[in-house]
Structures are given as structure tokens and as C-alpha cells.
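So this block is coords.txt, compact mmCIF, C-alpha atoms:
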# COMPACT_ATOMS: atom_id res chain seq x y z
CA SER A 8 -15.19 18.98 19.82
CA SER A 9 -14.16 17.88 23.31
CA GLU A 10 -11.44 20.53 23.28
CA ALA A 11 -13.91 23.33 22.58
CA SER A 12 -16.58 22.02 24.94
CA SER A 13 -14.27 22.25 27.95
CA ILE A 14 -13.59 25.96 27.45
CA ASN A 15 -15.44 28.74 29.24
CA HIS A 16 -16.74 30.96 26.44
CA SER A 17 -17.31 34.08 28.56
CA MET A 18 -16.30 37.46 27.19
CA ARG A 19 -12.56 37.63 26.49
CA PHE A 20 -10.55 40.81 26.76
CA ARG A 21 -7.50 40.98 24.50
CA ARG A 22 -5.02 43.47 25.90
CA ASN A 23 -2.10 45.26 24.30
CA ILE A 24 1.02 43.27 25.19
CA ALA A 25 2.67 46.61 26.08
CA SER A 26 0.39 46.75 29.14
CA TYR A 27 1.65 43.42 30.50
CA THR A 28 3.72 43.35 33.68
CA PRO A 29 6.84 41.15 33.83
CA ASP A 30 4.86 38.64 35.91
CA GLU A 31 2.04 38.51 33.37
CA SER A 32 4.55 38.06 30.54
CA ARG A 33 6.21 35.20 32.41
CA GLN A 34 2.85 33.51 33.05
CA LEU A 35 1.99 33.75 29.36
CA ALA A 36 5.39 32.35 28.40
CA ASP A 37 5.02 29.51 30.91
CA ALA A 38 1.59 28.64 29.47
CA LEU A 39 3.01 28.54 25.93
CA LYS A 40 5.85 26.29 27.11
CA LYS A 41 3.34 23.99 28.80
CA LEU A 42 1.46 23.66 25.50
CA LYS A 43 4.69 22.78 23.71
CA LYS A 44 5.62 20.23 26.36
CA ASP A 45 2.12 18.68 26.16
CA ASP A 46 2.26 18.43 22.33
CA LEU A 47 -0.39 21.12 21.96
CA TYR A 48 1.71 23.70 20.13
CA ASP A 49 3.80 22.06 17.42
CA ASP A 50 0.71 20.65 15.69
CA LEU A 51 -0.34 24.25 15.03
CA ILE A 52 3.01 24.93 13.32
CA VAL A 53 2.40 21.97 11.02
CA GLU A 54 -1.25 22.85 10.38
CA HIS A 55 -0.37 26.38 9.27
CA ALA A 56 2.49 25.14 7.08
CA GLU A 57 0.30 22.59 5.32
CA VAL A 58 -2.29 25.14 4.17
CA TYR A 59 -0.26 28.36 3.92
CA ALA A 60 -0.52 28.56 0.13
CA GLU A 61 -4.33 28.36 0.31
CA ILE A 62 -4.80 30.92 3.09
CA HIS A 63 -2.45 33.73 2.05
CA ASP A 64 -3.21 36.25 -0.70
CA THR A 65 -6.76 34.93 -0.74
CA PRO A 66 -10.04 36.02 0.92
CA LEU A 67 -9.56 33.11 3.36
CA PHE A 68 -6.67 34.90 5.06
CA LEU A 69 -8.60 36.81 7.73
CA PRO A 70 -11.35 34.31 8.64
CA TRP A 71 -8.95 31.34 8.67
CA HIS A 72 -6.49 33.10 10.98
CA ARG A 73 -9.35 34.25 13.21
CA VAL A 74 -10.22 30.61 13.95
CA PHE A 75 -6.52 29.69 14.21
CA VAL A 76 -5.83 32.37 16.83
CA HIS A 77 -8.95 31.35 18.72
CA THR A 78 -7.69 27.74 18.82
CA LEU A 79 -4.48 28.78 20.56
CA GLU A 80 -6.42 31.10 22.86
CA ASP A 81 -8.62 28.16 23.94
CA ARG A 82 -5.56 26.05 24.67
CA LEU A 83 -3.89 28.84 26.62
CA ILE A 84 -6.98 29.30 28.79
CA LYS A 85 -6.84 25.62 29.72
CA ALA A 86 -3.09 25.77 30.43
CA LEU A 87 -3.42 28.90 32.57
CA LYS A 88 -6.31 27.35 34.46
CA GLU A 89 -4.28 24.23 35.21
CA THR A 90 -1.50 26.35 36.72
CA ASP A 91 -3.89 28.61 38.67
CA SER A 92 -2.74 31.59 36.57
CA LEU A 93 -5.95 32.26 34.66
CA LYS A 94 -7.33 35.76 35.08
CA GLU A 95 -10.97 36.58 34.49
CA ASN A 96 -11.82 37.35 30.84
CA PHE A 97 -8.31 36.43 29.64
CA GLY A 98 -7.75 36.86 25.94
CA LEU A 99 -4.62 36.44 23.86
CA PRO A 100 -2.76 39.79 23.84
CA TYR A 101 -1.93 41.69 20.67
CA TRP A 102 1.10 43.63 19.46
CA ASP A 103 0.15 47.16 18.43
CA TRP A 104 2.85 47.65 15.79
CA ALA A 105 2.15 51.36 15.38
CA GLY A 106 2.72 51.86 19.10
CA ASP A 107 6.33 50.75 18.63
CA THR A 108 7.09 53.56 16.19
CA GLY A 109 7.79 56.07 18.96
CA SER A 110 11.46 55.12 19.11
CA PRO A 111 13.87 55.35 16.16
CA SER A 112 14.53 51.60 16.32
CA ARG A 113 10.80 50.82 16.55
CA VAL A 114 11.58 48.28 19.27
CA GLY A 115 8.88 48.00 21.94
CA LYS A 116 9.06 46.63 25.46
CA MET A 117 7.82 43.17 24.48
CA TRP A 118 11.27 42.50 22.97
CA SER A 119 12.92 42.85 26.38
CA PRO A 120 14.68 39.98 28.23
CA GLU A 121 11.57 39.78 30.41
CA PHE A 122 9.52 38.37 27.51
CA LEU A 123 10.33 37.76 23.83
CA GLY A 124 14.01 38.58 24.05
CA GLY A 125 16.51 39.47 21.42
CA PHE A 126 17.02 39.50 17.70
CA GLU A 127 19.93 37.11 17.23
CA ARG A 128 20.31 33.91 15.25
CA PRO A 129 19.67 32.03 17.47
CA VAL A 130 17.92 34.30 19.98
CA GLN A 131 20.11 34.71 23.07
CA GLY A 132 17.89 36.46 25.63
CA GLY A 133 14.32 36.34 26.87
CA LEU A 134 11.96 33.55 27.86
CA PHE A 135 12.13 31.62 24.56
CA ALA A 136 15.89 31.49 23.98
CA GLY A 137 17.86 28.32 23.35
CA ALA A 138 16.58 25.03 24.71
CA GLN A 139 13.67 26.77 26.44
CA TRP A 140 11.83 26.79 23.09
CA PRO A 141 12.87 24.08 20.60
CA THR A 142 11.57 24.80 17.11
CA VAL A 143 10.20 22.65 14.29
CA ASN A 144 11.47 22.82 10.71
CA VAL A 145 8.47 21.71 8.67
CA GLY A 146 9.23 19.83 5.48
CA LEU A 147 12.82 18.96 6.36
CA GLN A 148 13.96 16.00 4.28
CA PRO A 149 16.08 13.11 5.63
CA GLY A 150 19.72 14.18 5.76
CA GLU A 151 18.83 17.83 5.22
CA LYS A 152 20.26 20.35 7.72
CA ASP A 153 17.89 22.51 9.75
CA GLU A 154 18.81 26.07 8.78
CA PHE A 155 17.64 27.29 12.20
CA GLY A 156 19.43 24.63 14.23
CA GLY A 157 16.24 23.77 16.12
CA ARG A 158 16.29 27.12 17.93
CA LEU A 159 14.27 30.33 17.66
CA CYS A 160 15.95 32.85 15.35
CA ARG A 161 15.31 36.49 14.44
CA LYS A 162 16.93 39.33 12.56
CA LEU A 163 14.82 42.24 13.69
CA GLY A 164 14.84 44.98 11.09
CA GLY A 165 17.21 43.30 8.69
CA ASP A 166 16.91 44.84 5.23
CA TYR A 167 13.14 45.18 5.35
CA LEU A 168 10.78 48.10 5.85
CA PHE A 169 8.71 48.28 9.02
CA GLY A 170 5.14 47.76 7.83
CA GLY A 171 3.25 48.71 10.96
CA SER A 172 3.53 52.50 11.08
CA PHE A 173 0.53 54.73 11.85
CA SER A 174 0.49 56.01 8.25
CA THR A 175 0.43 52.50 6.76
CA VAL A 176 -2.30 51.33 9.12
CA HIS A 177 -4.37 54.44 8.29
CA LYS A 178 -3.87 53.89 4.56
CA VAL A 179 -5.08 50.28 4.71
CA LEU A 180 -8.08 51.13 6.89
CA PHE A 181 -9.27 54.36 5.33
CA GLU A 182 -7.64 55.24 2.00
CA PRO A 183 -8.28 54.02 -1.56
CA LEU A 184 -6.22 51.13 -2.82
CA ARG A 185 -3.24 51.59 -5.07
CA GLY A 186 -3.82 50.89 -8.73
CA GLY A 187 -6.15 53.70 -9.69
CA TRP A 188 -9.47 52.41 -8.44
CA VAL A 189 -11.46 52.87 -5.28
CA PRO A 190 -13.10 49.87 -3.57
CA LEU A 191 -16.74 50.10 -2.63
CA PRO A 192 -17.33 50.72 1.08
CA GLY A 193 -17.21 47.44 2.97
CA LEU A 194 -15.65 45.50 0.08
CA PHE A 195 -13.88 42.69 1.89
CA GLU A 196 -11.46 41.10 -0.56
CA PRO A 197 -9.35 44.15 -1.50
CA PHE A 198 -9.11 45.17 2.16
CA SER A 199 -7.91 41.68 3.06
CA ILE A 200 -5.30 41.61 0.30
CA GLU A 201 -3.96 45.08 1.12
CA LEU A 202 -3.74 44.27 4.82
CA GLN A 203 -1.68 41.21 3.96
CA ARG A 204 0.65 42.87 1.50
CA GLN A 205 1.19 46.29 3.05
CA ILE A 206 1.39 45.31 6.72
CA HIS A 207 1.21 41.60 7.53
CA ASN A 208 3.86 40.35 5.11
CA LEU A 209 6.29 43.22 5.73
CA LEU A 210 6.23 42.65 9.48
CA HIS A 211 6.93 38.94 9.05
CA ASP A 212 9.99 39.87 7.00
CA TRP A 213 11.01 42.67 9.40
CA ILE A 214 11.18 40.24 12.34
CA GLY A 215 13.24 37.74 10.37
CA GLY A 216 14.23 34.21 11.34
CA GLN A 217 11.36 31.76 11.28
CA MET A 218 8.84 34.60 10.98
CA SER A 219 10.22 35.60 7.58
CA GLY A 220 9.07 32.32 6.04
CA LEU A 221 5.34 31.61 6.31
CA ILE A 222 5.91 27.87 6.46
CA HIS A 223 7.94 28.27 9.69
CA SER A 224 6.41 31.41 11.18
CA VAL A 225 4.25 29.86 13.91
CA ASN A 226 7.48 28.75 15.62
CA ASP A 227 7.90 32.29 16.95
CA PRO A 228 5.42 33.22 19.71
CA VAL A 229 5.28 36.74 18.28
CA PHE A 230 3.24 35.21 15.44
CA TRP A 231 0.19 35.17 17.73
CA LEU A 232 0.65 38.75 18.95
CA HIS A 233 1.10 39.90 15.35
CA HIS A 234 -2.07 38.13 14.23
CA GLY A 235 -3.92 39.39 17.28
CA ASN A 236 -3.42 42.88 15.90
CA VAL A 237 -4.31 41.80 12.37
CA GLU A 238 -7.56 40.52 13.89
CA ARG A 239 -8.04 43.87 15.66
CA MET A 240 -7.80 45.66 12.31
CA PHE A 241 -10.24 43.16 10.81
CA LEU A 242 -12.77 43.99 13.52
CA GLN A 243 -12.41 47.72 12.86

What would the structure in this file look like if it were written as C-alpha cells?
Amino acid sequence: SSEASSINHSMRFRRNIASYTPDESRQLADALKKLKKDDLYDDLIVEHAEVYAEIHDTPLFLPWHRVFVHTLEDRLIKALKETDSLKENFGLPYWDWAGDTGSPSRVGKMWSPEFLGGFERPVQGGLFAGAQWPTVNVGLQPGEKDEFGGRLCRKLGGDYLFGGSFSTVHKVLFEPLRGGWVPLPGLFEPFSIELQRQIHNLLHDWIGGQMSGLIHSVNDPVFWLHHGNVERMFLQ
């Protein structure tokens, strides 16, 4: 496609978002806002919503999201280049969930006002609060009220377990599956399903707001950082 052909496909380095400086976080946020303003973000919300039933709890989950994340990464590279903010070998950062388990609240630095902001409904602080980041309610019928009010919402923690602990990650990567049988080494489908159910889904619910419903989840920029780490587990 013309979109893909204009991208420099040199080696990309995906960094842990925890290593980002406030300036780097702001540049990333500005690039995401540019995509939204240029109608290059909301189409991804709709695309994910239209196929979510076919790509979750199936073997398509990991490969489909790999391409999906790469699509946004391509668009971000173009946006950063246009604003003279592109750094060599830029790759979409990831959120290392297990790295956030050092504090009792399991809240890492990316949730600070200098980047993703707070956990309210709607979100009050950070670079995506209020009118800075209007959201899309996919499937809303005429006359139906948008439950999110067109704004980014979260309820971090809520009533859900945190799925990204070191022990859970280790279990999915290295231990036999629940249910009394052991998968053969390298067996893809059970690994994919367990990664979805034991980590991916729980973290969507733990964040709350749009992230807690797969049909709306791409509205929250943390979706991409979450799936960046899912991809990192896939590669391991």
C-alpha cells in the first residue's frame, strides 16, 4: 500500500515506557493527537471493534494484533517525522506490567500527569484528559446515550485482579496449562489462549473505562502499550 511504502523499515527499537522522559512522553502524546486530528486513529478503533469477536479467544489473537500494532507504529513514525520529533530506530513503547508490581497500588510512572494521567470517569489529569482526546463509542444507535460522554474514562483497579504480576507472566510462559494436561513444547494455540485469559483480559478489566470493553478499548492509548507487551511475550 502507499501507506506502507512511505515508511522507513529500518530496525525498530521498542522501549519500556517506564524509560521515557517527560519530553519523550509528550512527543508521543502529540503524535497520537496528530493522528486523531488527521483521521488516522479513529478508524483503528472501528476496525478492532468490527472484528473483535473473530480475533479474541482464537489463534488469530496474536498474529492479528501484531499487524494491528505495526499499523499504528507506521503511522506514528510518519507523524513524528512530520513534526521533526522522530528519533532513530523509533518503535512503539510497551508497558511492562510486571514492572509495576513493585508498589502496593501497582501504579507505574506512565500513569502520571506527565503522560497517561488519572483513573477517573472521565479522566481528569494527564495528556489525554477531557477535550484533548475525544473518544468514539462504536455501535451507538440513534438517540442512544454515550455511556462515556465522549471522553476517556478509567477505573484503575476497580474490582478486578491485576493480571500482570511476575508469577502470572512466568506461569503463562513456562508452566503447564491448567486443566490437567501439558502442552507440547512450542504448541501455539494453548499458549495464545492462556495469554489472553490469564493476563490480557484481566488487565483490560483492571484498567476499566473503555479498556474494559473490547469493542471500545482502542480509545485508550494504553491499549497500544499493553499490546506492545503482549507482543513482547509472543516473541519470547

* Asked: Any idea what's packed within 10 Å of Glu121 (chain A), counting all atoms listed in the file, ignoring anything in its chain fewer than 2 positions away? Could you give it as an NGL selection string?
  -> :A and (28-30 or 32-33 or 36 or 116-119 or 123-124 or 132-134)

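Counting all atoms listed in the file, the residue from A:Phe198, A:Tyr101, A:Phe241, A:Phe230 that sits nearest to His55 (chain A) is A:Phe230.
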
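Once Ile200 (chain A) and its same-chain neighbours fewer than 6 positions away are set aside, His63, Asp64, Thr65, Pro66 and Phe68 of chain A remain within 9 Å of it when counting only C-alpha atoms.
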
* To do: Up to 12 Å from (-7.1, 34.0, 9.9) in the file's coordinates: name the residues, counting all atoms listed in the file, as a PyMOL selection string.
  => chain A and resi 55+58-59+61-78+199+202-203+207+230-231+233-241

* Best match for closeness to Gly125 (chain A) among A:Gly157, A:Gly220, A:Pro149, A:Gly164, counting all atoms listed in the file -> A:Gly164

* Quote the spacing between CA of Gly137 (chain A) and CA of Gly156 (chain A) in Å to one decimal place. => 10.0 Å

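The residue that comes closest to Asp37 (chain A), out of A:Ala86, A:Cys160, A:Leu210, A:Ala56 and on the basis of all atoms listed in the file, is A:Ala86.
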
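What separates CA of Arg158 (chain A) from CA of Trp140 (chain A) is a distance of 6.8 Å.
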
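Across the structure, CA of Asp46 (chain A) and CA of His223 (chain A) are spaced 17.0 Å apart.
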
* Neighbour residues at most 12 Å from (-13.2, 45.0, 27.3) (only C-alpha atoms) as an MDAnalysis selection string -> chainID A and resid 17:23 95:98

Grab the residues selected above and save them as a JSON list (two decimals), in the coordinates of the input with C-alpha atoms.
[["chain", "number", "residue", "atom", "x", "y", "z"],
["A", 17, "SER", "CA", -17.31, 34.08, 28.56],
["A", 18, "MET", "CA", -16.30, 37.46, 27.19],
["A", 19, "ARG", "CA", -12.56, 37.63, 26.49],
["A", 20, "PHE", "CA", -10.55, 40.81, 26.76],
["A", 21, "ARG", "CA", -7.50, 40.98, 24.50],
["A", 22, "ARG", "CA", -5.02, 43.47, 25.90],
["A", 23, "ASN", "CA", -2.10, 45.26, 24.30],
["A", 95, "GLU", "CA", -10.97, 36.58, 34.49],
["A", 96, "ASN", "CA", -11.82, 37.35, 30.84],
["A", 97, "PHE", "CA", -8.31, 36.43, 29.64],
["A", 98, "GLY", "CA", -7.75, 36.86, 25.94]]

* Between A:Ser219, A:Glu196, A:Pro141, A:Tyr27, which one has atoms that come closest to Trp102 (chain A), using only C-alpha atoms? -> A:Tyr27

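Minimum distance to Leu147 (chain A) across A:Pro129, A:Asp103, A:Val53, A:Phe122 (counting only C-alpha atoms) occurs at A:Val53.
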
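Nearest to Ile214 (chain A) of all the residues A:Arg128, A:Lys152, A:Lys88, A:Lys41 is A:Arg128, based on only C-alpha atoms.
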